[in-house]
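As provided, start09.cif (mmCIF, C-alpha atoms (C1' of nucleotides)) reads as follows.
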```cif
data_query
#
loop_
_atom_site.label_atom_id
_atom_site.label_comp_id
_atom_site.auth_asym_id
_atom_site.auth_seq_id
_atom_site.Cartn_x
_atom_site.Cartn_y
_atom_site.Cartn_z
CA MET A 1 -18.31 25.69 19.62
CA ALA A 2 -19.86 24.09 16.52
CA ASN A 3 -20.30 26.08 13.27
CA ILE A 4 -16.83 27.45 13.14
CA TYR A 5 -16.92 27.57 9.38
CA ASP A 6 -19.99 28.92 7.65
CA PRO A 7 -20.50 27.35 4.20
CA ASP A 8 -21.68 30.68 2.81
CA THR A 9 -18.48 32.52 3.57
CA PHE A 10 -15.98 29.71 3.90
CA GLN A 11 -12.93 29.98 1.62
CA PRO A 12 -11.45 26.46 1.39
CA ARG A 13 -8.07 27.84 0.37
CA GLU A 14 -7.86 29.57 3.72
CA GLY A 15 -9.28 26.71 5.75
CA LEU A 16 -7.46 24.30 7.96
CA GLY A 17 -7.86 21.36 5.59
CA TYR A 18 -5.74 23.10 3.02
CA VAL A 19 -2.70 23.69 5.23
CA LEU A 20 -3.13 20.25 6.73
CA ALA A 21 -2.89 18.71 3.27
CA ARG A 22 0.08 20.90 2.40
CA ALA A 23 1.92 20.07 5.60
CA ARG A 24 1.28 16.38 5.19
CA LYS A 25 2.44 16.37 1.57
CA THR A 26 5.58 18.27 2.48
CA TYR A 27 6.30 15.77 5.23
CA ILE A 28 5.70 12.70 3.06
CA LEU A 29 7.79 14.00 0.17
CA ALA A 30 10.69 14.83 2.49
CA LEU A 31 10.46 11.45 4.14
CA GLU A 32 10.34 9.49 0.90
CA GLN A 33 13.39 11.31 -0.34
CA GLU A 34 15.17 10.51 2.89
CA LEU A 35 14.21 6.83 2.81
CA ALA A 36 14.71 6.16 -0.89
CA PRO A 37 18.32 4.92 -0.42
CA HIS A 38 17.02 2.19 1.89
CA ASP A 39 14.57 0.81 -0.66
CA ILE A 40 11.46 1.27 1.48
CA ASN A 41 8.46 3.53 1.11
CA SER A 42 6.21 5.32 3.61
CA SER A 43 3.96 2.38 4.35
CA GLN A 44 6.81 -0.07 4.68
CA TRP A 45 8.78 1.89 7.24
CA ALA A 46 5.70 2.19 9.41
CA VAL A 47 5.37 -1.59 9.48
CA ILE A 48 9.03 -2.07 10.37
CA LEU A 49 8.76 0.43 13.20
CA ASN A 50 5.55 -0.97 14.60
CA LEU A 51 7.05 -4.44 14.67
CA ALA A 52 10.38 -3.26 16.07
CA ASP A 53 8.70 -1.33 18.85
CA GLY A 54 6.23 -4.04 19.75
CA HIS A 55 3.13 -2.04 18.79
CA ALA A 56 1.92 -4.95 16.67
CA GLY A 57 2.86 -8.57 16.09
CA THR A 58 0.33 -9.78 13.51
CA ALA A 59 -1.18 -8.51 10.27
CA GLY A 60 -4.46 -7.73 11.96
CA GLU A 61 -2.83 -5.66 14.64
CA LEU A 62 -0.89 -3.74 12.04
CA CYS A 63 -4.13 -3.02 10.18
CA LYS A 64 -5.67 -1.57 13.32
CA VAL A 65 -2.66 0.47 14.31
CA MET A 66 -2.12 1.81 10.81
CA ARG A 67 -5.79 1.97 9.81
CA TYR A 68 -4.84 -0.04 6.79
CA ASN A 69 -6.83 -2.41 4.60
CA PRO A 70 -6.27 -6.14 5.29
CA GLY A 71 -5.89 -6.98 1.61
CA ALA A 72 -3.37 -4.24 1.10
CA MET A 73 -1.58 -5.33 4.25
CA THR A 74 -1.14 -8.88 2.99
CA ARG A 75 0.62 -7.56 -0.07
CA LEU A 76 2.63 -5.02 1.86
CA LEU A 77 3.90 -7.88 4.03
CA ASP A 78 4.56 -9.99 0.92
CA ARG A 79 6.89 -7.30 -0.34
CA LEU A 80 8.68 -6.91 2.96
CA GLU A 81 9.09 -10.67 3.13
CA GLU A 82 10.49 -10.80 -0.40
CA LYS A 83 12.98 -8.12 0.54
CA GLY A 84 13.97 -10.22 3.53
CA PHE A 85 12.96 -7.72 6.21
CA ILE A 86 10.26 -9.80 7.93
CA ARG A 87 9.38 -13.44 8.52
CA ARG A 88 5.91 -15.00 8.88
CA THR A 89 5.28 -17.90 11.24
CA ARG A 90 1.89 -19.46 11.78
CA THR A 91 1.01 -19.32 15.46
CA GLU A 92 0.56 -22.77 17.01
CA ALA A 93 -2.00 -21.73 19.60
CA ASP A 94 -4.28 -20.10 17.02
CA ARG A 95 -3.52 -21.33 13.55
CA ARG A 96 -5.47 -18.52 11.90
CA THR A 97 -3.06 -15.84 12.96
CA ILE A 98 0.43 -15.37 11.66
CA GLN A 99 3.18 -14.10 13.90
CA LEU A 100 5.38 -11.46 12.33
CA GLU A 101 9.06 -11.07 13.14
CA LEU A 102 11.77 -8.80 11.88
CA THR A 103 14.78 -10.50 10.34
CA PRO A 104 18.24 -9.17 11.27
CA ALA A 105 18.10 -7.09 8.09
CA GLY A 106 14.73 -5.73 9.21
CA LYS A 107 16.02 -4.91 12.66
CA ALA A 108 19.01 -3.16 11.16
CA LEU A 109 16.60 -0.88 9.37
CA ARG A 110 15.10 0.60 12.51
CA PRO A 111 17.88 3.04 13.45
CA ARG A 112 18.06 4.26 9.88
CA ILE A 113 14.34 4.90 9.77
CA VAL A 114 14.43 6.70 13.10
CA GLN A 115 17.34 8.77 11.85
CA ALA A 116 15.40 9.64 8.69
CA LEU A 117 12.33 10.63 10.68
CA ALA A 118 14.38 12.79 13.00
CA ASN A 119 16.15 14.44 10.06
CA VAL A 120 12.91 15.31 8.37
CA LEU A 121 11.26 16.67 11.49
CA ASN A 122 14.30 18.66 12.45
CA ARG A 123 14.31 20.26 9.05
CA LEU A 124 10.58 20.94 8.86
CA LEU A 125 10.44 22.28 12.39
CA GLU A 126 13.26 24.71 11.91
CA GLY A 127 12.35 27.96 13.63
CA PHE A 128 9.86 26.34 16.00
CA SER A 129 10.26 26.75 19.73
CA PRO A 130 9.88 23.62 21.88
CA ASP A 131 6.66 25.10 23.13
CA GLU A 132 5.27 25.58 19.66
CA ILE A 133 6.08 21.98 18.81
CA ARG A 134 4.25 20.76 21.88
CA GLN A 135 1.28 22.92 20.97
CA LEU A 136 1.17 21.76 17.39
CA GLN A 137 1.32 18.19 18.52
CA SER A 138 -1.39 18.63 21.10
CA LEU A 139 -3.73 20.45 18.72
CA LEU A 140 -3.29 17.81 16.02
CA GLY A 141 -3.88 15.10 18.58
CA ARG A 142 -7.15 16.69 19.63
CA LEU A 143 -8.25 17.01 16.02
CA ALA A 144 -7.48 13.35 15.36
CA SER A 145 -9.43 12.33 18.45
CA ASN A 146 -12.53 14.09 17.15
CA GLY A 147 -12.64 11.61 14.24
CA MET B 1 16.94 25.52 16.59
CA ALA B 2 18.07 22.45 14.62
CA ASN B 3 18.42 19.03 16.32
CA ILE B 4 15.08 19.10 18.00
CA TYR B 5 14.84 15.36 17.80
CA ASP B 6 17.87 13.25 18.70
CA PRO B 7 17.90 9.93 16.78
CA ASP B 8 19.25 8.15 19.86
CA THR B 9 16.33 9.01 22.08
CA PHE B 10 13.61 9.82 19.55
CA GLN B 11 10.41 7.78 19.91
CA PRO B 12 8.60 8.01 16.55
CA ARG B 13 5.28 7.15 18.16
CA GLU B 14 5.53 10.34 20.17
CA GLY B 15 6.88 12.48 17.38
CA LEU B 16 5.04 15.04 15.34
CA GLY B 17 4.96 12.92 12.18
CA TYR B 18 2.77 10.40 13.91
CA VAL B 19 0.00 12.80 14.96
CA LEU B 20 0.26 14.56 11.64
CA ALA B 21 -0.44 11.29 9.84
CA ARG B 22 -3.27 10.48 12.23
CA ALA B 23 -4.87 13.89 11.85
CA ARG B 24 -4.58 13.76 8.09
CA LYS B 25 -6.09 10.30 7.89
CA THR B 26 -8.96 11.31 10.14
CA TYR B 27 -9.63 14.32 7.95
CA ILE B 28 -9.49 12.38 4.69
CA LEU B 29 -11.74 9.60 5.93
CA ALA B 30 -14.31 12.07 7.21
CA LEU B 31 -14.22 14.00 3.96
CA GLU B 32 -14.59 10.96 1.75
CA GLN B 33 -17.57 9.85 3.73
CA GLU B 34 -19.10 13.28 3.36
CA LEU B 35 -18.46 13.46 -0.38
CA ALA B 36 -19.37 9.89 -1.31
CA PRO B 37 -23.00 10.79 -2.16
CA HIS B 38 -21.73 13.22 -4.79
CA ASP B 39 -19.66 10.59 -6.60
CA ILE B 40 -16.34 12.39 -6.26
CA ASN B 41 -13.19 11.53 -4.32
CA SER B 42 -10.57 13.65 -2.57
CA SER B 43 -8.53 14.43 -5.66
CA GLN B 44 -11.52 15.24 -7.76
CA TRP B 45 -13.06 17.78 -5.42
CA ALA B 46 -9.75 19.61 -5.25
CA VAL B 47 -9.73 19.99 -9.02
CA ILE B 48 -13.30 21.27 -9.08
CA LEU B 49 -12.55 23.83 -6.38
CA ASN B 50 -9.32 25.02 -7.96
CA LEU B 51 -11.11 25.55 -11.26
CA ALA B 52 -14.17 27.13 -9.67
CA ASP B 53 -12.07 29.57 -7.69
CA GLY B 54 -9.73 30.47 -10.52
CA HIS B 55 -6.61 29.05 -8.91
CA ALA B 56 -5.86 27.10 -12.08
CA GLY B 57 -7.13 26.97 -15.64
CA THR B 58 -5.00 24.27 -17.28
CA ALA B 59 -3.75 20.80 -16.43
CA GLY B 60 -0.24 22.08 -15.81
CA GLU B 61 -1.42 24.72 -13.39
CA LEU B 62 -3.44 22.15 -11.51
CA CYS B 63 -0.36 19.94 -11.25
CA LYS B 64 1.61 22.78 -9.70
CA VAL B 65 -1.11 23.85 -7.32
CA MET B 66 -1.88 20.31 -6.22
CA ARG B 67 1.68 18.98 -6.50
CA TYR B 68 0.27 16.25 -8.66
CA ASN B 69 1.77 14.10 -11.38
CA PRO B 70 0.99 15.17 -14.99
CA GLY B 71 0.18 11.64 -16.10
CA ALA B 72 -2.15 11.10 -13.18
CA MET B 73 -3.68 14.51 -13.83
CA THR B 74 -4.55 13.62 -17.40
CA ARG B 75 -6.51 10.62 -16.20
CA LEU B 76 -8.09 12.50 -13.32
CA LEU B 77 -9.35 15.04 -15.85
CA ASP B 78 -10.50 12.21 -18.14
CA ARG B 79 -12.71 10.92 -15.36
CA LEU B 80 -14.11 14.35 -14.53
CA GLU B 81 -14.82 14.90 -18.21
CA GLU B 82 -16.58 11.55 -18.50
CA LYS B 83 -18.73 12.46 -15.53
CA GLY B 84 -19.57 15.71 -17.28
CA PHE B 85 -18.07 18.05 -14.69
CA ILE B 86 -15.41 19.68 -16.86
CA ARG B 87 -14.76 20.53 -20.50
CA ARG B 88 -11.41 20.70 -22.35
CA THR B 89 -10.76 23.26 -25.08
CA ARG B 90 -7.48 23.61 -26.90
CA THR B 91 -6.19 27.16 -26.57
CA GLU B 92 -5.83 28.96 -29.91
CA ALA B 93 -2.90 31.16 -28.88
CA ASP B 94 -0.79 28.24 -27.68
CA ARG B 95 -2.03 25.00 -29.15
CA ARG B 96 -0.07 22.92 -26.64
CA THR B 97 -2.17 23.97 -23.69
CA ILE B 98 -5.72 22.97 -23.00
CA GLN B 99 -8.12 25.31 -21.30
CA LEU B 100 -10.26 23.73 -18.60
CA GLU B 101 -13.77 24.84 -17.79
CA LEU B 102 -16.42 23.64 -15.40
CA THR B 103 -19.71 22.57 -16.94
CA PRO B 104 -22.91 23.68 -15.22
CA ALA B 105 -22.92 20.32 -13.41
CA GLY B 106 -19.37 20.98 -12.29
CA LYS B 107 -20.22 24.45 -11.07
CA ALA B 108 -23.19 23.08 -9.19
CA LEU B 109 -20.80 20.88 -7.30
CA ARG B 110 -18.88 23.70 -5.70
CA PRO B 111 -21.33 24.68 -2.96
CA ARG B 112 -21.77 21.03 -2.02
CA ILE B 113 -18.04 20.53 -1.72
CA VAL B 114 -17.67 23.67 0.34
CA GLN B 115 -20.50 22.51 2.55
CA ALA B 116 -18.82 19.13 3.00
CA LEU B 117 -15.49 20.73 3.86
CA ALA B 118 -17.13 23.02 6.38
CA ASN B 119 -19.03 20.12 7.94
CA VAL B 120 -15.91 18.05 8.36
CA LEU B 121 -13.87 20.88 9.82
CA ASN B 122 -16.64 21.94 12.16
CA ARG B 123 -16.82 18.41 13.46
CA LEU B 124 -13.09 17.83 13.78
CA LEU B 125 -12.49 21.20 15.40
CA GLU B 126 -15.13 20.75 18.03
CA GLY B 127 -13.79 22.07 21.31
CA PHE B 128 -11.23 24.35 19.68
CA SER B 129 -11.24 28.04 20.43
CA PRO B 130 -10.90 30.43 17.47
CA ASP B 131 -7.47 31.27 18.74
CA GLU B 132 -6.40 27.64 18.80
CA ILE B 133 -7.57 27.19 15.23
CA ARG B 134 -5.58 30.20 14.10
CA GLN B 135 -2.53 28.84 15.90
CA LEU B 136 -2.85 25.37 14.43
CA GLN B 137 -3.22 26.84 11.00
CA SER B 138 -0.25 29.12 11.40
CA LEU B 139 2.01 26.38 12.78
CA LEU B 140 1.08 23.99 9.97
CA GLY B 141 1.68 26.73 7.45
CA ARG B 142 5.16 27.34 8.79
CA LEU B 143 5.94 23.62 8.71
CA ALA B 144 4.80 23.38 5.10
CA SER B 145 6.92 26.38 4.15
CA ASN B 146 10.02 24.67 5.48
CA GLY B 147 9.67 21.98 2.76
"C1'" DT C 1 16.05 30.27 -40.69
"C1'" DG C 2 17.09 25.77 -39.18
"C1'" DA C 3 18.66 22.85 -35.56
"C1'" DC C 4 18.10 22.37 -30.67
"C1'" DA C 5 15.86 23.01 -26.40
"C1'" DA C 6 11.83 23.73 -23.59
"C1'" DT C 7 6.92 23.20 -22.58
"C1'" DA C 8 2.11 20.94 -22.40
"C1'" DG C 9 -0.05 17.17 -22.43
"C1'" DT C 10 -0.72 12.04 -23.23
"C1'" DT C 11 0.23 7.03 -23.02
"C1'" DG C 12 2.41 2.56 -21.35
"C1'" DC C 13 4.03 0.32 -17.57
"C1'" DA C 14 4.59 -0.69 -12.74
"C1'" DT C 15 3.21 -0.32 -7.96
"C1'" DA C 16 -0.17 0.67 -4.32
"C1'" DG C 17 -4.44 0.47 -1.96
"C1'" DG C 18 -9.67 -0.31 -1.22
"C1'" DC C 19 -13.55 -3.55 -1.45
"C1'" DA C 20 -15.76 -7.77 -1.63
"C1'" DA C 21 -15.66 -12.63 -1.95
"C1'" DG C 22 -13.18 -16.73 -0.52
"C1'" DT C 23 -10.59 -20.06 2.72
"C1'" DA C 24 -9.29 -21.83 6.98
"C1'" DA C 25 -9.45 -22.01 11.81
"C1'" DA C 26 -11.62 -20.99 16.19
"C1'" DT C 27 -15.71 -19.81 18.95
"C1'" DT C 28 -20.48 -19.68 20.08
"C1'" DT C 29 -24.90 -21.71 20.59
"C1'" DG C 30 -28.93 -24.42 20.43
"C1'" DC D 1 -21.40 -31.83 19.53
"C1'" DA D 2 -22.91 -30.16 14.97
"C1'" DA D 3 -24.31 -25.94 12.69
"C1'" DA D 4 -23.79 -21.19 12.52
"C1'" DT D 5 -21.02 -17.25 13.46
"C1'" DT D 6 -16.81 -14.87 14.01
"C1'" DT D 7 -12.00 -14.10 13.24
"C1'" DA D 8 -7.56 -13.87 10.54
"C1'" DC D 9 -5.77 -13.68 6.56
"C1'" DT D 10 -5.67 -14.14 1.30
"C1'" DT D 11 -7.00 -13.42 -3.55
"C1'" DG D 12 -9.31 -11.15 -7.58
"C1'" DC D 13 -10.73 -7.07 -9.43
"C1'" DC D 14 -10.86 -2.11 -9.87
"C1'" DT D 15 -9.10 2.46 -9.41
"C1'" DA D 16 -5.35 5.68 -8.41
"C1'" DT D 17 -0.77 7.50 -8.90
"C1'" DG D 18 4.28 7.94 -10.09
"C1'" DC D 19 7.79 7.58 -13.71
"C1'" DA D 20 9.61 7.54 -18.12
"C1'" DA D 21 9.07 7.68 -22.94
"C1'" DC D 22 6.50 9.92 -26.62
"C1'" DT D 23 3.95 13.61 -29.60
"C1'" DA D 24 2.93 18.14 -30.70
"C1'" DT D 25 3.84 22.83 -30.34
"C1'" DT D 26 6.47 26.83 -29.15
"C1'" DG D 27 10.72 29.28 -28.04
"C1'" DT D 28 15.86 30.11 -28.49
"C1'" DC D 29 19.96 31.32 -30.77
"C1'" DA D 30 23.89 30.75 -33.81
#
```

Target encoding structure tokens, full file:
Amino acid sequence: MANIYDPDTFQPREGLGYVLARARKTYILALEQELAPHDINSSQWAVILNLADGHAGTAGELCKVMRYNPGAMTRLLDRLEEKGFIRRTRTEADRRTIQLELTPAGKALRPRIVQALANVLNRLLEGFSPDEIRQLQSLLGRLASNG
Amino acid sequence: MANIYDPDTFQPREGLGYVLARARKTYILALEQELAPHDINSSQWAVILNLADGHAGTAGELCKVMRYNPGAMTRLLDRLEEKGFIRRTRTEADRRTIQLELTPAGKALRPRIVQALANVLNRLLEGFSPDEIRQLQSLLGRLASNG
DNA sequence: TGACAATAGTTGCATAGGCAAGTAAATTTG
DNA sequence: CAAATTTACTTGCCTATGCAACTATTGTCA
């Protein structure tokens, strides 16, 4: 099952990478447009959601979950703190780590983000059958797992 | 076929956006690793390919094809010119536009890029049947067209 | 034709992210 | 238990990208 694409005949424009990039860009652009009124960008909403849903509670965990750089994460969190969406508290048990919490304003953001995500997906998946959506999701999941 | 995702019950972690982001990140990371030895990044290879394959011949065309910002494009081209991969020539017929050409070094890059793309895809699509690849590609294409 | 608009590209400014070095706290180990 | 290592986060520096303002050139049309 290796050697699906042969470098001698492979036309990048017709390869999977190309549509993947196109699809991703379409998705990101739509999402940013949808979230602009709330004054948060694509990285910031992901942090809010991960905190709100308990997928991460510290900067390090966020980095893992989001495959994000620690330095960049510090600054991302700085911005969210400035905007009053999160709070940092040094953990007593292990004073290296910093516990992250959503402020009320941060929590209030969650339903809006979820709404925005649903709006975008509903629009981009117009014409897809439930089965096709499941397939797309499963195929992408397998691709990601091959990383 | 609208309202596929209901904001009240929608779990972003299980939505399509999430796997799409994961798949894209996996792809980009793999590709950058593969291209690092050639001293070009993900934006730069796309320019080289688009020029090599005649999909664009000027900065403006590249911006359209790549959905890229004109200001950023200028600087991207600056870097490629510094590295000796492209050449800029002001068009005589319309002195506003600048014709872009690959230098021999730039042309030499194409097969390496294609090889890298094929390598990455072959690895990430391990375990996929030809039919599954066609499906994935078609579904992503439809999603992108809904933008 | 002469003012106005449109187009192609560039530059300044601001934000974002990666990498590597640095700091502080905890853990391991000899 | 002191030194070395590891972990968690931060900071400095560099590159990348978007936006808006600007220049130069071409096109429109009254």

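The residues returned by the PyMOL selection byres ((chain C) within 12 of (chain A)) on the shown structure are DT15, DA16, DG17, DG18, DC19, DA20, DA21, DT23, DA24, DA25, DA26 and DT27 of chain C.
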
Residues returned when the PyMOL selection byres ((chain D and resi 27) around 8) runs on this file, as a PyMOL selection string: (chain C and resi 6) or (chain D and resi 26+28)

At a cut-off of 9 Å, list the chain D residues touching chain A, using only C-alpha atoms (C1' of nucleotides), as a list in words. DT7, DA8, DC9, DT10 and DT11 of chain D

Among the residues A:Gly147, A:Pro37, A:Gly84, A:Gly57, the one that comes closest to chain B [using only C-alpha atoms]: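 Among the listed residues, A:Gly147 lies closest to chain B.
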
Restricting the calculation to only C-alpha atoms, which member of A:Cys63, A:Ile86, A:Val120, A:Ala36 is positioned closest to chain B?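 Among A:Cys63, A:Ile86, A:Val120, A:Ala36, it is A:Val120 that comes nearest to chain B.
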
Give me, as a PyMOL selection string, the contact residues of chain B against chain A at a cut-off of 7 Å, counting all atoms listed in the file. chain B and resi 1-7+12+16+19-20+22-24+26+114-115+118+122+124-127+136-137+139-141+143-144+146-147

Once you have the residues from the selection above, write them out as a tab-separated table (two decimals), in the frame of the given file, restricted to C-alpha atoms.
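Dumped everything to out30.tsv:
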```tsv
chain	number	residue	atom	x	y	z
B	1	MET	CA	16.94	25.52	16.59
B	2	ALA	CA	18.07	22.45	14.62
B	3	ASN	CA	18.42	19.03	16.32
B	4	ILE	CA	15.08	19.10	18.00
B	5	TYR	CA	14.84	15.36	17.80
B	6	ASP	CA	17.87	13.25	18.70
B	7	PRO	CA	17.90	9.93	16.78
B	12	PRO	CA	8.60	8.01	16.55
B	16	LEU	CA	5.04	15.04	15.34
B	19	VAL	CA	0.00	12.80	14.96
B	20	LEU	CA	0.26	14.56	11.64
B	22	ARG	CA	-3.27	10.48	12.23
B	23	ALA	CA	-4.87	13.89	11.85
B	24	ARG	CA	-4.58	13.76	8.09
B	26	THR	CA	-8.96	11.31	10.14
B	114	VAL	CA	-17.67	23.67	0.34
B	115	GLN	CA	-20.50	22.51	2.55
B	118	ALA	CA	-17.13	23.02	6.38
B	122	ASN	CA	-16.64	21.94	12.16
B	124	LEU	CA	-13.09	17.83	13.78
B	125	LEU	CA	-12.49	21.20	15.40
B	126	GLU	CA	-15.13	20.75	18.03
B	127	GLY	CA	-13.79	22.07	21.31
B	136	LEU	CA	-2.85	25.37	14.43
B	137	GLN	CA	-3.22	26.84	11.00
B	139	LEU	CA	2.01	26.38	12.78
B	140	LEU	CA	1.08	23.99	9.97
B	141	GLY	CA	1.68	26.73	7.45
B	143	LEU	CA	5.94	23.62	8.71
B	144	ALA	CA	4.80	23.38	5.10
B	146	ASN	CA	10.02	24.67	5.48
B	147	GLY	CA	9.67	21.98	2.76
```

Mind giving me the straight-line distance from atom CA of Leu62 of chain A to atom CA of Glu81 of chain A in Å, one decimal?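 Calculated distance between atom CA of Leu62 of chain A and atom CA of Glu81 of chain A is 15.1 Å.
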
Just the number, please: distance in Å from atom CA of Trp45 of chain A to atom CA of Leu109 of chain A, one decimal.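 Between atom CA of Trp45 of chain A and atom CA of Leu109 of chain A the gap is 8.6 Å.
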
For a test of reading the model, state the distance in Å between atom CA of Leu80 of chain A and atom CA of Gln44 of chain A, rounded to one decimal. 7.3 Å

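Neighbouring residues of DA21 of chain D at 12 Å or closer, counting only C-alpha atoms (C1' of nucleotides) and skipping chain neighbours under 5 positions away, are B:Gly71, C:DT10, C:DT11, C:DG12, C:DC13.
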
Is it possible to get the axis-aligned box enclosing segment 11-18 of chain D (all listed atoms, 8 Å extra per side) as AutoDock Vina command-line options, with centre and edge lengths in Å rounded to one decimal?
```
--center_x -3.3 --center_y -2.7 --center_z -6.8 --size_x 31.1 --size_y 37.4 --size_z 22.5
```

If we count all atoms listed in the file and set the cut-off at 10 Å, which residues sit around DG30 of chain C, ignoring sequence neighbours fewer than 4 positions away in its own chain? Please answer as a count of residues only. 3

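Residue membership of the PyMOL selection byres ((chain B and resi 101-106) around 8) in the shown file amounts to Ile48, Leu51, Ala52, Gly57, Gly84, Phe85, Ile86, Arg87, Arg88, Gln99, Leu100, Lys107, Ala108, Leu109 and Arg110 of chain B.
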